[in-house]
>>> print(open('upload.cif').read())   # mmCIF, C-alpha atoms; chains and numbers go by the auth columns
data_run
loop_
_atom_site.group_PDB
_atom_site.id
_atom_site.type_symbol
_atom_site.label_atom_id
_atom_site.label_comp_id
_atom_site.label_asym_id
_atom_site.label_seq_id
_atom_site.Cartn_x
_atom_site.Cartn_y
_atom_site.Cartn_z
_atom_site.B_iso_or_equiv
_atom_site.auth_seq_id
_atom_site.auth_asym_id
ATOM 1 C CA GLN A 1 0.000 0.000 0.000 0.00 1 A
ATOM 2 C CA VAL A 2 1.439 3.321 -1.104 0.00 2 A
ATOM 3 C CA GLN A 3 1.403 6.048 1.509 0.00 3 A
ATOM 4 C CA LEU A 4 2.588 9.641 1.638 0.00 4 A
ATOM 5 C CA VAL A 5 2.661 11.004 5.165 0.00 5 A
ATOM 6 C CA GLU A 6 3.262 14.680 5.835 0.00 6 A
ATOM 7 C CA SER A 7 4.624 16.067 9.088 0.00 7 A
ATOM 8 C CA GLY A 8 6.098 19.263 10.464 0.00 8 A
ATOM 9 C CA GLY A 9 3.072 21.522 10.349 0.00 9 A
ATOM 10 C CA GLY A 10 2.024 23.683 13.258 0.00 10 A
ATOM 11 C CA LEU A 11 1.390 27.172 14.547 0.00 11 A
ATOM 12 C CA VAL A 12 4.031 29.838 13.925 0.00 12 A
ATOM 13 C CA GLN A 13 4.180 33.610 14.093 0.00 13 A
ATOM 14 C CA ALA A 14 4.513 35.695 10.985 0.00 14 A
ATOM 15 C CA GLY A 15 8.142 35.861 9.911 0.00 15 A
ATOM 16 C CA GLY A 16 8.880 32.451 11.341 0.00 16 A
ATOM 17 C CA SER A 17 9.901 29.196 9.686 0.00 17 A
ATOM 18 C CA LEU A 18 8.695 25.635 9.399 0.00 18 A
ATOM 19 C CA ARG A 19 10.022 22.573 7.630 0.00 19 A
ATOM 20 C CA LEU A 20 7.540 20.095 6.254 0.00 20 A
ATOM 21 C CA SER A 21 8.446 16.493 5.505 0.00 21 A
ATOM 22 C CA CYS A 22 6.693 13.913 3.388 0.00 22 A
ATOM 23 C CA ALA A 23 7.701 10.310 3.937 0.00 23 A
ATOM 24 C CA ALA A 24 6.771 7.815 1.253 0.00 24 A
ATOM 25 C CA SER A 25 6.238 4.137 1.918 0.00 25 A
ATOM 26 C CA GLY A 26 5.026 1.198 -0.099 0.00 26 A
ATOM 27 C CA ARG A 27 7.093 2.144 -3.128 0.00 27 A
ATOM 28 C CA THR A 28 9.932 4.424 -4.091 0.00 28 A
ATOM 29 C CA PHE A 29 9.376 7.703 -5.900 0.00 29 A
ATOM 30 C CA SER A 30 13.054 8.351 -6.561 0.00 30 A
ATOM 31 C CA ASN A 31 12.480 8.312 -10.326 0.00 31 A
ATOM 32 C CA TYR A 32 9.395 10.522 -10.336 0.00 32 A
ATOM 33 C CA ALA A 33 8.434 14.140 -9.851 0.00 33 A
ATOM 34 C CA MET A 34 6.946 15.242 -6.557 0.00 34 A
ATOM 35 C CA GLY A 35 5.295 18.408 -5.341 0.00 35 A
ATOM 36 C CA TRP A 36 3.602 20.376 -2.606 0.00 36 A
ATOM 37 C CA PHE A 37 0.144 21.901 -2.753 0.00 37 A
ATOM 38 C CA ARG A 38 -1.929 23.770 -0.197 0.00 38 A
ATOM 39 C CA GLN A 39 -5.570 24.472 0.447 0.00 39 A
ATOM 40 C CA ALA A 40 -6.933 27.263 2.606 0.00 40 A
ATOM 41 C CA PRO A 41 -10.509 27.205 3.950 0.00 41 A
ATOM 42 C CA GLY A 42 -13.007 28.055 1.245 0.00 42 A
ATOM 43 C CA LYS A 43 -10.365 28.045 -1.480 0.00 43 A
ATOM 44 C CA GLU A 44 -9.256 25.624 -4.133 0.00 44 A
ATOM 45 C CA ARG A 45 -6.122 23.563 -3.772 0.00 45 A
ATOM 46 C CA GLU A 46 -3.197 25.516 -5.170 0.00 46 A
ATOM 47 C CA PHE A 47 0.283 24.637 -6.330 0.00 47 A
ATOM 48 C CA VAL A 48 3.222 25.548 -4.096 0.00 48 A
ATOM 49 C CA ALA A 49 6.338 23.860 -5.480 0.00 49 A
ATOM 50 C CA SER A 50 7.543 20.843 -7.433 0.00 50 A
ATOM 51 C CA THR A 51 10.797 19.015 -7.973 0.00 51 A
ATOM 52 C CA SER A 52 12.173 16.660 -10.566 0.00 52 A
ATOM 53 C CA TRP A 53 13.114 13.067 -9.771 0.00 53 A
ATOM 54 C CA SER A 54 16.729 14.084 -9.166 0.00 54 A
ATOM 55 C CA GLY A 55 15.943 17.249 -7.237 0.00 55 A
ATOM 56 C CA ARG A 56 17.918 19.357 -9.682 0.00 56 A
ATOM 57 C CA GLY A 57 14.803 20.783 -11.297 0.00 57 A
ATOM 58 C CA THR A 58 12.445 22.891 -9.171 0.00 58 A
ATOM 59 C CA TYR A 59 9.517 25.193 -9.816 0.00 59 A
ATOM 60 C CA TYR A 60 7.660 27.516 -7.456 0.00 60 A
ATOM 61 C CA ALA A 61 4.457 29.459 -7.284 0.00 61 A
ATOM 62 C CA ASP A 62 5.132 33.179 -7.478 0.00 62 A
ATOM 63 C CA SER A 63 3.596 33.635 -4.042 0.00 63 A
ATOM 64 C CA VAL A 64 6.308 31.545 -2.350 0.00 64 A
ATOM 65 C CA LYS A 65 9.302 32.135 -4.596 0.00 65 A
ATOM 66 C CA GLY A 66 12.323 33.259 -2.580 0.00 66 A
ATOM 67 C CA ARG A 67 10.762 32.161 0.715 0.00 67 A
ATOM 68 C CA PHE A 68 10.143 28.406 0.273 0.00 68 A
ATOM 69 C CA THR A 69 12.588 25.715 -0.815 0.00 69 A
ATOM 70 C CA ILE A 70 11.616 22.249 -1.993 0.00 70 A
ATOM 71 C CA SER A 71 14.107 19.411 -1.729 0.00 71 A
ATOM 72 C CA ARG A 72 14.194 15.642 -1.603 0.00 72 A
ATOM 73 C CA ASP A 73 16.310 12.847 -0.209 0.00 73 A
ATOM 74 C CA ASN A 74 15.792 9.858 -2.469 0.00 74 A
ATOM 75 C CA ALA A 75 17.796 7.584 -0.206 0.00 75 A
ATOM 76 C CA LYS A 76 15.200 8.270 2.490 0.00 76 A
ATOM 77 C CA ASN A 77 12.254 8.419 0.075 0.00 77 A
ATOM 78 C CA THR A 78 11.371 11.762 1.626 0.00 78 A
ATOM 79 C CA LEU A 79 10.310 15.134 0.276 0.00 79 A
ATOM 80 C CA TYR A 80 10.812 18.419 2.160 0.00 80 A
ATOM 81 C CA LEU A 81 9.502 21.954 2.085 0.00 81 A
ATOM 82 C CA GLN A 82 11.480 24.587 3.971 0.00 82 A
ATOM 83 C CA MET A 83 9.248 27.585 4.585 0.00 83 A
ATOM 84 C CA ASN A 84 10.812 30.865 5.714 0.00 84 A
ATOM 85 C CA SER A 85 9.417 34.367 6.233 0.00 85 A
ATOM 86 C CA LEU A 86 5.968 32.909 6.699 0.00 86 A
ATOM 87 C CA LYS A 87 2.944 35.147 6.245 0.00 87 A
ATOM 88 C CA PRO A 88 -0.636 34.775 7.523 0.00 88 A
ATOM 89 C CA GLU A 89 -1.731 34.122 3.932 0.00 89 A
ATOM 90 C CA ASP A 90 0.399 30.969 3.953 0.00 90 A
ATOM 91 C CA THR A 91 -2.082 29.439 6.403 0.00 91 A
ATOM 92 C CA ALA A 92 -3.474 26.265 4.824 0.00 92 A
ATOM 93 C CA VAL A 93 -3.397 22.499 4.845 0.00 93 A
ATOM 94 C CA TYR A 94 -0.277 21.440 2.949 0.00 94 A
ATOM 95 C CA TYR A 95 -0.327 18.307 0.826 0.00 95 A
ATOM 96 C CA CYS A 96 2.478 16.233 -0.593 0.00 96 A
ATOM 97 C CA ALA A 97 1.955 14.670 -4.026 0.00 97 A
ATOM 98 C CA ALA A 98 3.843 12.253 -6.256 0.00 98 A
ATOM 99 C CA ASP A 99 3.599 11.118 -9.852 0.00 99 A
ATOM 100 C CA SER A 100 4.153 7.388 -10.316 0.00 100 A
ATOM 101 C CA THR A 101 3.658 7.101 -14.065 0.00 101 A
ATOM 102 C CA ARG A 102 6.113 9.425 -15.896 0.00 102 A
ATOM 103 C CA PHE A 103 9.560 7.906 -15.375 0.00 103 A
ATOM 104 C CA ARG A 104 12.293 10.564 -15.014 0.00 104 A
ATOM 105 C CA SER A 105 10.178 13.186 -16.707 0.00 105 A
ATOM 106 C CA TYR A 106 9.905 16.760 -15.528 0.00 106 A
ATOM 107 C CA SER A 107 8.727 20.155 -16.618 0.00 107 A
ATOM 108 C CA GLY A 108 7.944 22.841 -14.089 0.00 108 A
ATOM 109 C CA THR A 109 4.976 24.134 -16.039 0.00 109 A
ATOM 110 C CA TYR A 110 3.533 20.622 -16.357 0.00 110 A
ATOM 111 C CA TYR A 111 3.788 19.732 -12.696 0.00 111 A
ATOM 112 C CA ASN A 112 2.228 22.949 -11.395 0.00 112 A
ATOM 113 C CA THR A 113 -1.315 21.548 -11.420 0.00 113 A
ATOM 114 C CA PRO A 114 -2.787 18.570 -9.519 0.00 114 A
ATOM 115 C CA THR A 115 -3.458 16.626 -12.739 0.00 115 A
ATOM 116 C CA PRO A 116 -0.131 14.754 -13.169 0.00 116 A
ATOM 117 C CA TYR A 117 -0.057 13.530 -9.585 0.00 117 A
ATOM 118 C CA ASP A 118 -1.679 10.219 -8.703 0.00 118 A
ATOM 119 C CA ASN A 119 -0.529 9.848 -5.113 0.00 119 A
ATOM 120 C CA TRP A 120 -1.489 12.260 -2.330 0.00 120 A
ATOM 121 C CA GLY A 121 -0.888 12.573 1.370 0.00 121 A
ATOM 122 C CA GLN A 122 -3.507 13.435 3.958 0.00 122 A
ATOM 123 C CA GLY A 123 -2.125 16.893 4.625 0.00 123 A
ATOM 124 C CA THR A 124 -0.603 18.807 7.512 0.00 124 A
ATOM 125 C CA GLN A 125 -1.983 22.051 8.915 0.00 125 A
ATOM 126 C CA VAL A 126 0.158 25.185 8.842 0.00 126 A
ATOM 127 C CA THR A 127 -1.171 28.204 10.705 0.00 127 A
ATOM 128 C CA VAL A 128 0.641 31.539 10.640 0.00 128 A
ATOM 129 C CA SER A 129 -0.479 34.117 13.164 0.00 129 A
ATOM 130 C CA SER A 130 -0.069 37.849 12.630 0.00 130 A
#
>>> encode(input="upload.cif", output="structure tokens")
Amino acid sequence: QVQLVESGGGLVQAGGSLRLSCAASGRTFSNYAMGWFRQAPGKEREFVASTSWSGRGTYYADSVKGRFTISRDNAKNTLYLQMNSLKPEDTAVYYCAADSTRFRSYSGTYYNTPTPYDNWGQGTQVTVSS
């Protein structure tokens, strides 16, 4: 059974930092693109960041560019999202996602929507207070 489990969410003051982790089990995603999305109450799920299978390719939403960093450790089958200079508008449930069908394929503008991803975590809450 394939599972993506996010952790690291919590409550932080504006300007603070959090590091999210997404641990994969049941299969390896080391040859596939992965990404982070978020969903605030009453809003649609939106793209945050994605990374290629190797980690060398990355792509960010304009709203987080320069503040968030996506990375992965394929040896640990884990995806990360380092979030700095957090703002109240970053408050949302953050979801990890993985594509398991396109072997070693990556384009930032392709992986910035939910469509290519067929594996999703349950989400972790991030709340930024002002």
>>> residues_near_point(input="upload.cif", point="(5.0, 6.1, -0.3)", cutoff="7 Å", atoms="all atoms listed in the file", output="list in words")
Val2, Gln3, Leu4, Ala23, Ala24, Ser25, Gly26, Arg27 and Thr28 of chain A
>>> residues_around(input="upload.cif", residues="A:Arg45", least_positions_apart="6", cutoff="10 Å", atoms="all atoms listed in the file", output="list in words")
Phe37, Arg38, Gln39, Ala92, Val93, Tyr94, Tyr95, Thr113 and Pro114 of chain A
>>> residues_around(input="upload.cif", residues="stretch 68-80 of chain A", least_positions_apart="3", cutoff="7 Å", atoms="only C-alpha atoms", output="NGL selection string")
:A and (19-24 or 28-30 or 49-51 or 55 or 64-65 or 83-84)
>>> resolve_selection(input="upload.cif", expression="the PyMOL selection byres ((chain A and resi 91) around 10)", output="PyMOL selection string")
chain A and resi 10-12+38-41+86-90+92-94+125-129
>>> atom_distance(input="upload.cif", atom1="atom CA of A:Ser52", atom2="atom CA of A:Ser17")
23.9 Å
>>> atom_distance(input="upload.cif", atom1="atom CA of A:Trp120", atom2="atom CA of A:Cys96")
5.9 Å
>>> closest_residue(input="upload.cif", among="A:Thr109, A:Ser130, A:Thr124, A:Ser7", to="A:Ala61", atoms="all atoms listed in the file")
A:Thr109
>>> closest_residue(input="upload.cif", among="A:Thr101, A:Gly8, A:Asn112, A:Ser85", to="A:Tyr59", atoms="only C-alpha atoms")
A:Asn112
>>> closest_residue(input="upload.cif", among="A:Gly66, A:Gln82, A:Gly9, A:Tyr60", to="A:Glu46", atoms="all atoms listed in the file")
A:Tyr60
>>> closest_residue(input="upload.cif", among="A:Gln13, A:Ser107, A:Ser63, A:Gln1", to="A:Met34", atoms="only C-alpha atoms")
A:Ser107
>>> atom_distance(input="upload.cif", atom1="atom CA of A:Tyr117", atom2="atom CA of A:Asn31")
13.6 Å
>>> closest_residue(input="upload.cif", among="A:Gly35, A:Leu81, A:Asp62, A:Arg67", to="A:Tyr111", atoms="all atoms listed in the file")
A:Gly35
>>> closest_residue(input="upload.cif", among="A:Gly15, A:Phe47, A:Ala98, A:Thr115", to="A:Ala33", atoms="all atoms listed in the file")
A:Ala98
>>> axis_aligned_box(input="upload.cif", around="stretch 92-96 of chain A", padding_each_side="6 Å", output="JSON")
{"center_x": -0.5, "center_y": 21.2, "center_z": 2.1, "size_x": 18.0, "size_y": 22.0, "size_z": 17.4}
